[in-house]
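A.B. asks: Questions regarding the structure given below will be posed in turn.
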Amino acid sequence: MPYGRHRIRTAVVGTVLAVAALAGCTNAAPDPGSAAAPARKATPAPAPTPTSRWDVSPASVAAVGDSMTRAFDACALLADCPEASWATGTDPAVNSLALRLLGADRVAAHSWNLARSGARVEALPEQMARAAAERPGLVTVMIGANDACRPTPAGMTPVVEFRRSFEAALGRLRKDAPEAQVYVASVPDLHRLWDTGRANPLVRRVWEVGVCGSMLADPLDAGEAAERRRTAVRDRVVAYNEVLAEVCAADELCRYDGGAVFGFRFDTSLLSTWDWFHPSRAGQARLAELAYRRVTRK
């Protein structure tokens, strides 16, 4: 999910090497409740009433989205780690959604990770078409963080375009796999990410290379302009989640997570120590747990 993945590769490597010696002795986590309240209040939409057609034990799982689903930076620096993916991974320590639903003997042959690191919602229809070709029992969707994580808020994907792409993606799935179920995860709270890591010098040094500049640039700047910038990004994430909830609610075989990922109160222990942005293996495990609860709810 990192913004400017290729552009910042060399800078990130240099920064990580420079601070690696500190990582082993920096254990204190910042106070997660110290940020000023943003102007727009997040109000996750209630999950739709489960349909009698919903199968809590789908026979196969396809995953679409971005680097969150590819488990980028979960195992090694600047690399995907699909075996640790919350959605389709095979690592028993993560206990992915597919592993829980299908079992260790079936997960490799009956799950497909079609997400792409760096993807924005505009890439979702193509990914969904590839997923539909597998005729999966369940498709997982996690998308939107890259649409908000741009160099500045001006570059964020407009909400109307976000809606158009997400509707098109579901339409592509319904065309070729009309009976496939869909689990849609909410976009994570990037404002909480800023608040969680901003007091940590090690985290700030990594973020300085250009990670999610719209939210994470100048993390200690408490000026009015900086606060407006961060609030604008959080408001856009809230708007994206409203779109995901509304579009999903119109599809009988789609389940939105009810804002569970957005509302999850993570801390630095669940973030990759390579970039302090993506989930670590432990973070991936928590995403798998949230998804499993929603998918298997009767």
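Labels for the structure tokens follow display order: chains A, B, ..., residues from 1 in each chain, ligands from 1.
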Using only C-alpha atoms, I'd like a table of the residues in range 151-243 of chain A that come within 12 Å of range 72-90 of chain A; for each, show the closest atom pair and its distance in Å rounded to one decimal, ordered by chain and ascending number, as a tab-separated table.

C.D. replies:
residue	atom	partner	partner_atom	distance
A:Tyr183	CA	A:Ala87	CA	10.3
A:Val184	CA	A:Ala87	CA	11.4
A:Ala185	CA	A:Ala87	CA	10.7

A.B. asks: Counting only C-alpha atoms, which residues in range 104-171 of chain A sit no more than 12 Å from range 91-95 of chain A? For each one, give the nearest pair of atoms and the distance in Å, sorted by chain then residue number, as a tab-separated table.

C.D. replies:
residue	atom	partner	partner_atom	distance
A:Ala104	CA	A:Pro92	CA	8.5
A:Val107	CA	A:Asp91	CA	10.6
A:Ala108	CA	A:Asp91	CA	11.1

A.B. asks: Taking only range 110-232 of chain A into account, list the residues labelled helix (DSSP H, G or I) by DSSP (computed from the backbone), as a ChimeraX atom specification.

C.D. replies: /A:121-133,145-148,153-155,159-176,190-197,201-207,213-216,224-232

A.B. asks: Taking only C-alpha atoms into account, which of A:Asn146, A:Ser214, A:Gln181, A:Thr152 comes nearest Ala59 in chain A?

C.D. replies: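 Selected residue with least distance to Ala59 in chain A: A:Gln181.
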
A.B. asks: Which residues of range 136-160 of chain A sit at most 12 Å from range 191-201 of chain A, using only C-alpha atoms? Give each one's shortest atom pair and distance in Å (one decimal place), in chain and ascending residue order, as a Markdown table.

C.D. replies:
| residue | atom | partner | partner_atom | distance |
| --- | --- | --- | --- | --- |
| A:Ala145 | CA | A:His191 | CA | 11.5 |
| A:Ala148 | CA | A:His191 | CA | 11.0 |
| A:Cys149 | CA | A:His191 | CA | 11.1 |

A.B. asks: I'd like the neighbourhood of Ala63 in chain A as a list in words, where a residue qualifies if any of its atoms comes within 10 Å (using only C-alpha atoms), though same-chain residues fewer than 6 positions away should be ignored.

C.D. replies: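 Listing them by chain and then by number gives Thr69, Arg70, Ser85, Trp86, Ala87, Thr88, Ala98, Ser111, Trp112, Asn113, Leu114, Ala115, Gln127, Met128, Ala131, Pro136, Leu138, Val139, Thr140, Val141, Met142, Val182 and Tyr183 of chain A.
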
A.B. asks: Could you find all residues in range 171-222 of chain A that DSSP calls strand (DSSP E or B) from the backbone, and write them as a JSON list (two decimals) with C-alpha atoms, in the first residue's frame?

C.D. replies:
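New file out.json:
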[["chain", "number", "residue", "atom", "x", "y", "z"],
["A", 181, "GLN", "CA", -19.93, -13.77, -1.74],
["A", 182, "VAL", "CA", -17.96, -10.61, -0.95],
["A", 183, "TYR", "CA", -16.38, -9.45, 2.29],
["A", 184, "VAL", "CA", -15.43, -5.75, 2.24]]
